[in-house]
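Have a look at entry13.cif below; it lists mmCIF, C-alpha atoms and all ligand atoms.
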data_start
loop_
_atom_site.label_atom_id
_atom_site.label_comp_id
_atom_site.auth_asym_id
_atom_site.auth_seq_id
_atom_site.Cartn_x
_atom_site.Cartn_y
_atom_site.Cartn_z
CA MET C 1 58.67 54.63 84.72
CA GLN C 2 59.05 54.79 88.51
CA LEU C 3 60.91 52.36 90.77
CA THR C 4 59.04 50.71 93.64
CA ALA C 5 60.08 51.04 97.29
CA GLU C 6 61.34 47.45 97.13
CA GLN C 7 63.48 48.18 94.05
CA LEU C 8 64.92 51.27 95.75
CA GLU C 9 65.83 49.13 98.76
CA THR C 10 67.52 46.51 96.57
CA PHE C 11 69.43 49.24 94.72
CA ASP C 12 70.60 50.73 98.00
CA LYS C 13 71.80 47.32 99.26
CA ASP C 14 73.38 45.88 96.09
CA GLY C 15 74.25 48.99 94.03
CA TYR C 16 72.44 47.79 90.92
CA LEU C 17 69.06 46.74 89.53
CA PHE C 18 68.48 44.37 86.63
CA PHE C 19 65.38 44.56 84.41
CA PRO C 20 65.31 41.61 81.96
CA GLY C 21 63.49 42.31 78.69
CA GLN C 22 62.74 45.97 79.43
CA PHE C 23 63.00 46.84 75.72
CA SER C 24 61.26 44.71 73.08
CA PRO C 25 63.23 42.43 70.73
CA ALA C 26 62.28 44.82 67.89
CA GLU C 27 63.62 47.88 69.76
CA ALA C 28 66.87 46.05 70.56
CA ALA C 29 67.21 44.84 66.95
CA LEU C 30 66.75 48.38 65.62
CA LEU C 31 69.51 49.69 67.88
CA LYS C 32 71.79 46.77 67.07
CA ARG C 33 71.53 47.64 63.35
CA GLU C 34 72.34 51.26 64.21
CA ALA C 35 75.33 50.14 66.31
CA GLU C 36 76.73 48.16 63.40
CA ALA C 37 76.32 51.19 61.12
CA VAL C 38 78.15 53.34 63.69
CA TYR C 39 81.01 50.82 64.06
CA ALA C 40 81.46 50.85 60.27
CA MET C 41 82.11 54.62 60.35
CA GLU C 42 85.58 56.08 60.36
CA ARG C 43 85.11 58.57 63.18
CA LYS C 44 87.33 59.68 66.03
CA GLU C 45 84.58 58.67 68.48
CA VAL C 46 84.82 55.00 67.43
CA TRP C 47 87.67 53.39 69.37
CA ARG C 48 89.09 50.09 68.20
CA GLU C 49 90.74 47.05 69.72
CA SER C 50 94.30 46.28 68.61
CA SER C 51 92.79 43.86 66.01
CA GLY C 52 90.90 46.81 64.47
CA VAL C 53 87.36 45.76 65.47
CA ALA C 54 85.32 48.39 67.29
CA ARG C 55 85.68 48.52 71.09
CA THR C 56 83.36 51.41 71.85
CA ALA C 57 81.59 54.26 70.08
CA PHE C 58 81.44 57.41 72.17
CA ALA C 59 78.70 60.05 71.96
CA ALA C 60 76.63 58.12 69.39
CA HIS C 61 73.57 60.10 70.57
CA THR C 62 75.09 63.14 68.84
CA TYR C 63 75.39 61.55 65.36
CA ASN C 64 72.81 58.74 65.19
CA GLU C 65 69.04 59.22 65.44
CA GLY C 66 68.30 55.87 67.13
CA PHE C 67 70.88 56.51 69.83
CA ARG C 68 69.70 60.14 70.19
CA ARG C 69 66.24 58.82 71.04
CA LEU C 70 67.61 56.14 73.37
CA GLY C 71 69.59 58.89 75.14
CA ALA C 72 66.31 60.55 76.14
CA HIS C 73 64.22 57.42 76.58
CA PRO C 74 61.85 57.61 79.57
CA ARG C 75 62.59 54.00 80.60
CA LEU C 76 66.21 55.11 81.13
CA ILE C 77 65.90 58.74 82.20
CA GLU C 78 63.02 58.55 84.69
CA PRO C 79 64.38 55.92 87.13
CA VAL C 80 67.72 57.74 87.23
CA GLU C 81 66.04 61.11 87.87
CA GLN C 82 64.14 59.39 90.68
CA VAL C 83 67.24 57.98 92.39
CA LEU C 84 69.40 61.10 91.83
CA ASP C 85 66.43 63.26 92.90
CA GLY C 86 66.37 65.80 90.10
CA PRO C 87 67.22 66.62 86.49
CA VAL C 88 70.14 64.87 84.79
CA TYR C 89 72.49 65.58 81.89
CA MET C 90 74.51 63.15 79.78
CA HIS C 91 78.05 62.90 81.13
CA GLN C 92 79.10 60.06 78.83
CA TYR C 93 77.50 57.80 76.21
CA LYS C 94 79.11 54.56 75.05
CA VAL C 95 78.07 51.77 72.72
CA ASN C 96 80.41 48.98 73.78
CA ALA C 97 80.93 46.23 71.25
CA LYS C 98 82.81 43.43 73.07
CA ALA C 99 83.18 41.88 69.63
CA ALA C 100 83.16 38.14 68.96
CA PHE C 101 86.65 36.62 69.46
CA ASP C 102 88.41 40.02 69.85
CA GLY C 103 86.46 41.97 72.48
CA ASP C 104 89.00 42.86 75.14
CA VAL C 105 88.64 43.15 78.94
CA TRP C 106 87.46 46.12 80.97
CA GLN C 107 89.60 46.03 84.09
CA TRP C 108 88.18 46.27 87.65
CA HIS C 109 87.10 49.85 88.30
CA GLN C 110 84.55 52.30 89.63
CA ASP C 111 83.28 54.76 87.01
CA TYR C 112 83.13 57.59 89.52
CA GLY C 113 86.83 56.99 90.28
CA THR C 114 87.61 58.14 86.74
CA TRP C 115 85.02 60.92 86.68
CA LYS C 116 86.35 62.37 89.92
CA ARG C 117 90.05 62.13 89.10
CA ASP C 118 89.94 63.04 85.40
CA ASP C 119 86.88 65.29 85.20
CA GLU C 120 86.52 66.71 88.73
CA MET C 121 82.92 65.63 89.09
CA PRO C 122 82.17 66.86 92.65
CA GLU C 123 80.06 63.95 94.02
CA PRO C 124 79.07 60.42 92.96
CA ARG C 125 75.64 61.81 92.13
CA ALA C 126 75.72 60.05 88.78
CA MET C 127 74.52 56.72 87.48
CA ASN C 128 74.97 54.24 84.66
CA ILE C 129 71.99 52.81 82.91
CA ALA C 130 72.62 50.22 80.21
CA VAL C 131 70.66 48.35 77.54
CA PHE C 132 71.73 44.99 76.09
CA LEU C 133 71.56 44.95 72.28
CA ASP C 134 72.61 41.27 72.13
CA ASP C 135 71.72 38.41 74.42
CA VAL C 136 74.31 38.59 77.21
CA THR C 137 75.38 35.19 78.50
CA ALA C 138 78.15 33.65 80.57
CA ALA C 139 79.94 33.02 77.25
CA ASN C 140 80.26 36.45 75.65
CA GLY C 141 81.94 38.68 78.22
CA PRO C 142 79.16 39.78 80.60
CA LEU C 143 79.59 42.60 83.07
CA LEU C 144 80.85 41.43 86.48
CA PHE C 145 79.64 43.27 89.59
CA ILE C 146 80.65 43.11 93.23
CA PRO C 147 77.34 43.70 95.04
CA GLY C 148 77.51 46.22 97.87
CA SER C 149 80.88 47.63 96.75
CA HIS C 150 79.23 51.02 96.07
CA LYS C 151 79.12 51.51 99.86
CA MET C 152 82.94 51.78 100.05
CA GLY C 153 83.30 55.33 98.70
CA VAL C 154 86.06 56.10 96.21
CA ILE C 155 88.63 53.31 96.41
CA ASP C 156 92.36 53.81 95.75
CA ALA C 157 93.18 53.12 92.12
CA GLY C 158 96.07 53.28 89.69
CA HIS C 159 95.92 54.84 86.22
CA ASP C 160 96.15 51.93 83.76
CA LEU C 161 97.30 53.25 80.39
CA GLN C 162 98.62 49.89 79.16
CA THR C 163 96.17 47.00 79.45
CA THR C 164 93.65 48.13 76.81
CA SER C 165 93.24 50.95 74.30
CA TYR C 166 91.18 52.91 76.88
CA PRO C 167 92.86 54.55 79.92
CA LEU C 168 91.12 53.70 83.19
CA TRP C 169 91.66 54.14 86.94
CA THR C 170 91.73 50.49 88.06
CA LEU C 171 91.67 48.66 91.41
CA ASP C 172 94.36 46.28 92.57
CA ARG C 173 93.70 42.56 92.94
CA ASP C 174 93.96 42.48 96.75
CA LYS C 175 91.22 45.08 97.03
CA VAL C 176 88.96 43.30 94.55
CA THR C 177 89.52 40.01 96.39
CA GLU C 178 88.66 41.63 99.73
CA LEU C 179 85.48 43.22 98.35
CA ALA C 180 84.33 39.97 96.71
CA ALA C 181 84.91 38.05 99.95
CA ARG C 182 82.21 40.29 101.42
CA GLY C 183 79.84 40.87 98.50
CA GLY C 184 80.48 38.01 96.09
CA CYS C 185 80.74 38.50 92.36
CA VAL C 186 77.78 38.32 89.98
CA ALA C 187 77.20 38.52 86.23
CA PRO C 188 73.71 39.73 85.30
CA THR C 189 72.81 37.94 82.07
CA GLY C 190 69.66 38.09 79.96
CA PRO C 191 68.14 38.63 76.55
CA ALA C 192 68.70 41.56 74.20
CA GLY C 193 66.56 44.45 75.46
CA SER C 194 67.40 43.88 79.13
CA MET C 195 68.29 46.97 81.16
CA LEU C 196 70.80 47.37 83.96
CA MET C 197 71.09 50.37 86.27
CA PHE C 198 74.20 50.61 88.45
CA SER C 199 75.77 53.04 90.85
CA SER C 200 78.77 55.04 89.64
CA LEU C 201 80.60 53.68 92.72
CA LEU C 202 79.88 50.00 92.03
CA VAL C 203 83.07 48.01 91.39
CA HIS C 204 82.77 46.25 88.02
CA ALA C 205 84.71 44.71 85.14
CA SER C 206 84.18 42.43 82.17
CA PRO C 207 86.28 39.60 80.76
CA ALA C 208 87.43 39.25 77.16
CA ASN C 209 84.99 37.75 74.70
CA ILE C 210 86.55 34.77 72.95
CA SER C 211 83.14 33.38 72.01
CA PRO C 212 81.88 33.65 68.42
CA LEU C 213 78.99 35.81 69.69
CA GLY C 214 79.16 39.60 69.94
CA ARG C 215 77.93 41.47 73.04
CA ILE C 216 76.83 45.03 72.39
CA ILE C 217 75.72 47.07 75.43
CA VAL C 218 74.82 50.79 75.36
CA TYR C 219 75.64 52.85 78.47
CA LEU C 220 74.21 56.19 79.41
CA SER C 221 76.17 57.82 82.23
CA LEU C 222 73.80 60.38 83.69
CA CYS C 223 74.76 63.03 86.22
CA HIS C 224 72.63 65.40 88.31
CA VAL C 225 72.82 68.81 86.61
CA ASP C 226 74.10 70.50 89.81
CA ASN C 227 76.97 68.00 89.95
CA HIS C 228 78.43 68.71 86.50
CA ILE C 229 82.13 68.23 85.91
CA ARG C 230 84.50 71.08 86.75
CA ALA C 231 87.60 70.08 84.73
CA PHE C 232 87.73 69.67 80.97
CA ASN C 233 90.77 67.42 80.62
CA ARG C 234 89.25 64.85 78.30
CA GLU C 235 87.76 65.21 74.83
CA ASP C 236 84.24 66.67 74.94
CA TRP C 237 82.86 63.58 73.21
CA ILE C 238 84.20 61.43 76.09
CA ALA C 239 83.30 63.71 79.04
CA HIS C 240 80.53 65.96 77.79
CA ARG C 241 80.26 69.71 78.44
CA ASP C 242 76.56 70.11 77.65
CA PHE C 243 74.91 70.23 81.07
CA THR C 244 71.39 70.86 79.73
CA PRO C 245 68.76 68.79 81.60
CA ILE C 246 67.51 65.90 79.45
CA LYS C 247 63.82 66.08 78.65
CA ALA C 248 62.46 62.54 78.31
CA LEU C 249 60.78 61.63 75.01
CA ASP C 250 57.66 59.48 74.67
CA ASP C 251 57.86 55.80 75.51
CA ASN C 252 57.15 54.87 71.87
CA CYS C 253 59.97 57.02 70.43
CA LEU C 254 61.86 53.97 69.11
CA SER C 255 58.84 52.26 67.57
CA GLU C 256 57.98 55.56 65.85
CA LEU C 257 61.46 55.56 64.34
CA MET C 258 60.93 51.97 63.10
CA ALA C 259 57.69 53.08 61.45
CA GLU C 260 59.46 56.04 59.81
CA THR C 261 62.28 53.91 58.40
CA VAL C 262 60.26 51.06 56.81
C1 LIG N 1 82.47 49.81 81.46
O1 LIG N 1 82.82 49.40 82.52
O2 LIG N 1 82.30 51.03 81.33
C2 LIG N 1 82.19 48.91 80.30
C3 LIG N 1 82.27 47.48 80.58
C4 LIG N 1 81.75 46.64 79.47
O3 LIG N 1 81.07 47.13 78.54
O4 LIG N 1 81.98 45.43 79.50
MN MN N 2 82.66 51.21 83.85
#
What do you get writing this file as structure tokens?
Amino acid sequence: MQLTAEQLETFDKDGYLFFPGQFSPAEAALLKREAEAVYAMERKEVWRESSGVARTAFAAHTYNEGFRRLGAHPRLIEPVEQVLDGPVYMHQYKVNAKAAFDGDVWQWHQDYGTWKRDDEMPEPRAMNIAVFLDDVTAANGPLLFIPGSHKMGVIDAGHDLQTTSYPLWTLDRDKVTELAARGGCVAPTGPAGSMLMFSSLLVHASPANISPLGRIIVYLSLCHVDNHIRAFNREDWIAHRDFTPIKALDDNCLSELMAETV
């Protein structure tokens, strides 16, 4: 899958692209079942909210076949290779639950802010690409983006070790207010199977989910192979050390798995 010149222009201006319904309802349903199986596991990679429900499962592509295939899916890998202009490896892989009632916030941040400070990733030559496994609505804790904020470089941030169970380099409220006065604040919403690509410099957050509806989103954080991290401060299942270029699978790799498992 290749992006058009118009999509590349929009990405450059806004810092993200939204593709509603990029994966079929059946593909999303398969992965949602796999996510629930992963959340039921007692593994160090599955982080929990204070209530005990899953917050995120790291590195699920290393212990689940559905997520392994998604981690090399051409609809995700090819547009990122195009924008980053070359081969990519998996820097991080998260299946974020944002569980009904208990899913906690993700504070305002830039992903590259954490990758630079914690992992010494040399440049923001890295990208997030996400797939919704539930319908994402205004009600169940959608991602919030500040369009154009990826043009600001790495913004000053403080290391928040308190607000949630996951340490993050977060932006202060004055800065977020200033950026939103310029770019606004949007929440891309859409059906399960929608795909969202966003710059590692884009300022984003998500509110708590007090709705009775879960909101699972899978994130691949892909980095150009030449730009691999230099410091190994975090667990290798959070900031990966395998810098092998990802070879995209066939477009039907998920439907083949469905056929194998019936
Ligand atoms: C993130 O910013 O990495 C995750 C946000 C979310 O899943 O709501
Ligand atoms: Mn993030």
Shortest interatomic distance to C:Val80 - which of C:Thr56, C:Gln110, C:Gln2, C:Gln92, counting only C-alpha atoms: C:Gln2
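Once C:Ala259 and its same-chain neighbours fewer than 6 positions away are set aside, Ala26, Glu27, Leu30, Asn252 and Cys253 of chain C remain within 12 Å of it when counting only C-alpha atoms.
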Interatomic distance, atom CA of C:Ser211 to atom CA of C:Asn140 (Å, one decimal):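 Atom CA of C:Asn140 lies at a distance of 5.6 Å from atom CA of C:Ser211.
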Minimum-distance residue to C:Ser199, chosen among C:Phe232, C:Tyr39, C:Phe145, C:Trp169 (using only C-alpha atoms):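 Going through C:Phe232, C:Tyr39, C:Phe145, C:Trp169 one by one, the smallest distance to C:Ser199 is for C:Phe145.
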Compile a residue-level contact table for chain C against ligand MN 2 (chain N) at a cut-off of 12 Å, reporting for every qualifying residue the shortest atom pair and its distance in Å to one decimal, with only C-alpha atoms and all ligand atoms counted, rows ordered by chain and ascending number, as a Markdown table.
| residue | atom | partner | partner_atom | distance |
| --- | --- | --- | --- | --- |
| C:Gln92 | CA | N:MN2 | MN | 10.8 |
| C:Tyr93 | CA | N:MN2 | MN | 11.3 |
| C:Lys94 | CA | N:MN2 | MN | 10.1 |
| C:Asn96 | CA | N:MN2 | MN | 10.6 |
| C:Val105 | CA | N:MN2 | MN | 11.2 |
| C:Trp106 | CA | N:MN2 | MN | 7.6 |
| C:Gln107 | CA | N:MN2 | MN | 8.7 |
| C:Trp108 | CA | N:MN2 | MN | 8.3 |
| C:His109 | CA | N:MN2 | MN | 6.4 |
| C:Gln110 | CA | N:MN2 | MN | 6.2 |
| C:Asp111 | CA | N:MN2 | MN | 4.8 |
| C:Tyr112 | CA | N:MN2 | MN | 8.5 |
| C:Gly113 | CA | N:MN2 | MN | 9.6 |
| C:Thr114 | CA | N:MN2 | MN | 9.0 |
| C:Trp115 | CA | N:MN2 | MN | 10.4 |
| C:Met127 | CA | N:MN2 | MN | 10.5 |
| C:Asn128 | CA | N:MN2 | MN | 8.3 |
| C:Ile129 | CA | N:MN2 | MN | 10.8 |
| C:Ala130 | CA | N:MN2 | MN | 10.7 |
| C:Leu143 | CA | N:MN2 | MN | 9.2 |
| C:Leu144 | CA | N:MN2 | MN | 10.3 |
| C:Phe145 | CA | N:MN2 | MN | 10.3 |
| C:Tyr166 | CA | N:MN2 | MN | 11.1 |
| C:Pro167 | CA | N:MN2 | MN | 11.4 |
| C:Leu168 | CA | N:MN2 | MN | 8.8 |
| C:Trp169 | CA | N:MN2 | MN | 10.0 |
| C:Thr170 | CA | N:MN2 | MN | 10.0 |
| C:Met197 | CA | N:MN2 | MN | 11.9 |
| C:Phe198 | CA | N:MN2 | MN | 9.6 |
| C:Ser199 | CA | N:MN2 | MN | 10.0 |
| C:Ser200 | CA | N:MN2 | MN | 8.0 |
| C:Leu201 | CA | N:MN2 | MN | 9.4 |
| C:Leu202 | CA | N:MN2 | MN | 8.7 |
| C:Val203 | CA | N:MN2 | MN | 8.2 |
| C:His204 | CA | N:MN2 | MN | 6.5 |
| C:Ala205 | CA | N:MN2 | MN | 6.9 |
| C:Ser206 | CA | N:MN2 | MN | 9.1 |
| C:Ile217 | CA | N:MN2 | MN | 11.7 |
| C:Val218 | CA | N:MN2 | MN | 11.6 |
| C:Tyr219 | CA | N:MN2 | MN | 9.0 |
| C:Leu220 | CA | N:MN2 | MN | 10.8 |
| C:Ser221 | CA | N:MN2 | MN | 9.4 |
Option closest in space to ligand LIG 1 (chain N), from C:Pro87, C:Gly66, C:Gly148, C:Pro188 [counting only C-alpha atoms and all ligand atoms]: C:Pro188
Computed interatomic separation between atom CA of C:Arg75 and atom CA of C:Asp250 (Å):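 These atoms are spaced 9.5 Å apart.
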Between atom CA of C:Asn227 and atom CA of C:Thr244 - distance in Å to one decimal: 12.0 Å
Selection: 8 Å around C:Glu120, all atoms listed in the file, excl. self and same-chain fewer than 5 positions, as a list in words: Trp115, Ile229, Arg230 and Ala231 of chain C
Deliver the residues from the most recent selection as a file, using C-alpha atoms, as a PDB file, in the coordinates of the input.
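Listed below is the output, again_24.pdb:
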ATOM      1  CA  TRP C 115      85.020  60.920  86.680  1.00  0.00           C
ATOM      2  CA  ILE C 229      82.130  68.230  85.910  1.00  0.00           C
ATOM      3  CA  ARG C 230      84.500  71.080  86.750  1.00  0.00           C
ATOM      4  CA  ALA C 231      87.600  70.080  84.730  1.00  0.00           C
TER       5      ALA C 231
END
Among the residues C:Lys116, C:Lys175, C:Arg215, C:Arg48, the one that comes closest to ligand LIG 1 (chain N) [using all atoms listed in the file]: C:Arg215
Nearest candidate to ligand LIG 1 (chain N) (options C:Asp12, C:Asp134, C:Glu36, C:Asp104; using all atoms listed in the file):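 Checking each of C:Asp12, C:Asp134, C:Glu36, C:Asp104 against ligand LIG 1 (chain N), counting all atoms listed in the file, the winner is C:Asp104.
Protein and nucleic acid residues near (71.4, 64.7, 78.5) are C:Tyr89, C:Met90, C:Pro245, C:Ile246, the criterion being any atom at most 6 Å away using all atoms listed in the file.
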To test the calculation: enclose all listed atoms of stretch 21-33 of chain C in a box whose edges run along x, y and z, add 5 Å on each side, then state centre and edge lengths in Å to one decimal, as lines of an AutoDock Vina configuration file.
center_x = 66.5
center_y = 46.0
center_z = 71.4
size_x = 20.5
size_y = 17.4
size_z = 26.1
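In this comparison, which uses all atoms listed in the file, the residue of C:Asn233, C:Thr261, C:Asn209, C:Thr177 approaching ligand LIG 1 (chain N) most closely is C:Asn209.
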C:Gln22 environment, 6 Å, all atoms listed in the file, sequence neighbours closer than 6 positions dropped, as a ChimeraX atom specification: /C:193-195
Within 6 Å of file point (81.8, 62.4, 74.2), counting all atoms listed in the file, expressed as a PyMOL selection string: chain C and resi 58-59+92+236-240
Neighbour list for C:Gly21 as a PyMOL selection string, cut-off 9 Å, only C-alpha atoms, skip fewer than 2 positions in-chain: chain C and resi 19+23-25+190-195
